[in-house]
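Worksheet for the structure shown next.
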Amino acid sequence: MPFDLSLYLVTDAGLCAGMGLEKTVEAAVQGGVTMVQLRDKHASDEHMITQAKRLKAMLAGSGVPLIINDRLKVALASQADGLHVGQSDTAVQEARNTLGQHAIIGLSINTSDQLLAAPVELLNYVGLGPVFATGSKQDHAQPIGFDGLARLASACQLPSVAIGGLKAEHVAQVKAAGANGVAVISAICGQPDPRLAAQAFNAQ
Ligand SMILES: Cc1ncc(COP(=O)(O)OP(=O)(O)O)c(N)n1
Ligand SMILES: Cc1nc(C(=O)O)sc1CCOP(=O)(O)O
Ligand SMILES: [Mg+2]
């Protein structure tokens, strides 16, 4: 499936609890979100598979891919469009072997060494960050700022998306640094109107 990293929504079950996950994602897509990642650190695999299947049905025909965070089993069982893994998650090779050549596979990168070691031939994109400190990820790595983002993005042969503490007002600096888009949790999840929150990014 073709993909567009411009505005990548990463979900958070807690922050979406008020409006509900599906309604939040639906509104955000109406507002211009181009990728969705289902991320839930606490749910069982079974619950996540159910959620992923619902989101996949909702996104059908929209051109917005559904990516699963961390859990290869959930990505496979839900026939999601891809998987996002971090440095300590399932190996990219195993993810590619399991999900096949058409899956969209992303890897988190925080340092130049990680970028050098990344199996680019097996990947579709990289997530670069955190740009800023954020309360949305426990024990996140050292923030890289826009300078670090520019260094990594310019050294990167793959499409890249910036993540970590980003708001609509940062879109221009992210693009100037050379990343293809922004990935956000709290700037959309838990906002009173996720559609308007997403639109704010596209208005930049
Ligand atoms: C687009 C994107 N980039 C980076 C991450 C972070 O992945 P990871 O380092 O595995 O951390 P967790 O999200 O699993 O806590 C991401 N999820 N998405
Ligand atoms: C899930 C995640 N990964 C990061 C990384 O640096 O790899 S930062 C992050 C949290 C992003 O949430 P918010 O947009 O609310 O800051
Ligand atoms: Mg992870």
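Going through the structure tokens in order, the chains are called A, B, and so on, while each chain numbers its residues from 1 and the ligands are numbered from 1 in the order shown.
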Residues of chain A that have any atom at most 9 Å from an atom of ligand 1: could you tabulate them with the shortest-distance atom pair and the distance in Å to one decimal, using only C-alpha atoms and all ligand atoms, ordered by chain and increasing number, as a tab-separated table?
```
residue	atom	partner	partner_atom_place_in_ligand_line	distance
A:Leu5	CA	ligand 1	1 (C)	8.8
A:Tyr8	CA	ligand 1	1 (C)	7.0
A:Leu9	CA	ligand 1	1 (C)	8.3
A:Val10	CA	ligand 1	18 (N)	6.6
A:Gln37	CA	ligand 1	18 (N)	7.3
A:Leu38	CA	ligand 1	17 (N)	8.8
A:Arg39	CA	ligand 1	13 (O)	6.8
A:Asp40	CA	ligand 1	13 (O)	8.7
A:Lys41	CA	ligand 1	15 (O)	7.5
A:Ile68	CA	ligand 1	17 (N)	8.8
A:Asn69	CA	ligand 1	17 (N)	5.8
A:Asp70	CA	ligand 1	14 (O)	5.6
A:His84	CA	ligand 1	18 (N)	6.1
A:Val85	CA	ligand 1	10 (O)	4.8
A:Gly86	CA	ligand 1	10 (O)	3.1
A:Gln87	CA	ligand 1	9 (O)	6.2
A:Ser88	CA	ligand 1	10 (O)	6.9
A:Asp89	CA	ligand 1	10 (O)	6.3
A:Gly106	CA	ligand 1	1 (C)	7.1
A:Leu107	CA	ligand 1	4 (C)	6.8
A:Ser108	CA	ligand 1	4 (C)	4.5
A:Ile109	CA	ligand 1	4 (C)	7.3
A:Asn110	CA	ligand 1	9 (O)	8.6
A:Tyr125	CA	ligand 1	1 (C)	8.6
A:Val126	CA	ligand 1	3 (N)	6.9
A:Gly127	CA	ligand 1	3 (N)	3.7
A:Leu128	CA	ligand 1	3 (N)	6.3
A:Gly129	CA	ligand 1	4 (C)	6.8
A:Pro130	CA	ligand 1	4 (C)	7.9
A:Ser136	CA	ligand 1	15 (O)	8.7
A:Lys137	CA	ligand 1	15 (O)	5.8
A:Gln138	CA	ligand 1	15 (O)	7.4
A:Asp139	CA	ligand 1	15 (O)	8.8
A:His140	CA	ligand 1	9 (O)	7.7
A:Ala141	CA	ligand 1	9 (O)	8.5
A:Ser160	CA	ligand 1	1 (C)	8.6
A:Val161	CA	ligand 1	1 (C)	6.2
A:Ala162	CA	ligand 1	3 (N)	7.2
A:Ile163	CA	ligand 1	3 (N)	5.8
A:Gly164	CA	ligand 1	4 (C)	8.2
A:Val182	CA	ligand 1	1 (C)	8.2
A:Ala183	CA	ligand 1	1 (C)	5.6
A:Val184	CA	ligand 1	1 (C)	8.1
```
Original post:
Quick one: of A:Ser78, A:Gln51, A:Ser112, A:Thr90, who's nearest to ligand 3, counting only C-alpha atoms and all ligand atoms?
Top reply: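 Smallest separation from ligand 3 among the options: A:Thr90.
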Original post:
Distance CA of Asn97 in chain A-CA of Met48 in chain A, one decimal place?
Top reply: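 Distance between the two atoms: 21.7 Å.
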Please identify all polymer residues within 9 Å of Leu55 in chain A, counting only C-alpha atoms, omitting same-chain residues fewer than 6 positions from it, and present them as a compact mmCIF listing (two decimals) with C-alpha atoms, in the first residue's frame.
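The result, stored in out34.txt:
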```txt
# COMPACT_ATOMS: atom_id res chain seq x y z
CA LEU A 21 -10.43 5.25 20.06
CA GLU A 22 -12.49 4.78 16.92
CA VAL A 25 -9.23 8.17 14.74
CA GLU A 26 -12.23 8.80 12.49
CA LEU A 38 -2.33 1.58 16.97
CA LEU A 66 -2.98 1.11 9.74
```
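The two atoms in question, CA of Arg195 in chain A and CA of Thr34 in chain A, are spaced 12.5 Å apart.
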Subject >> DSSP helix (DSSP H, G or I) selection over range 12-144 of chain A, as a ChimeraX atom specification >> reply: /A:21-30,45-59,72-78,92-99,112-117,120-122
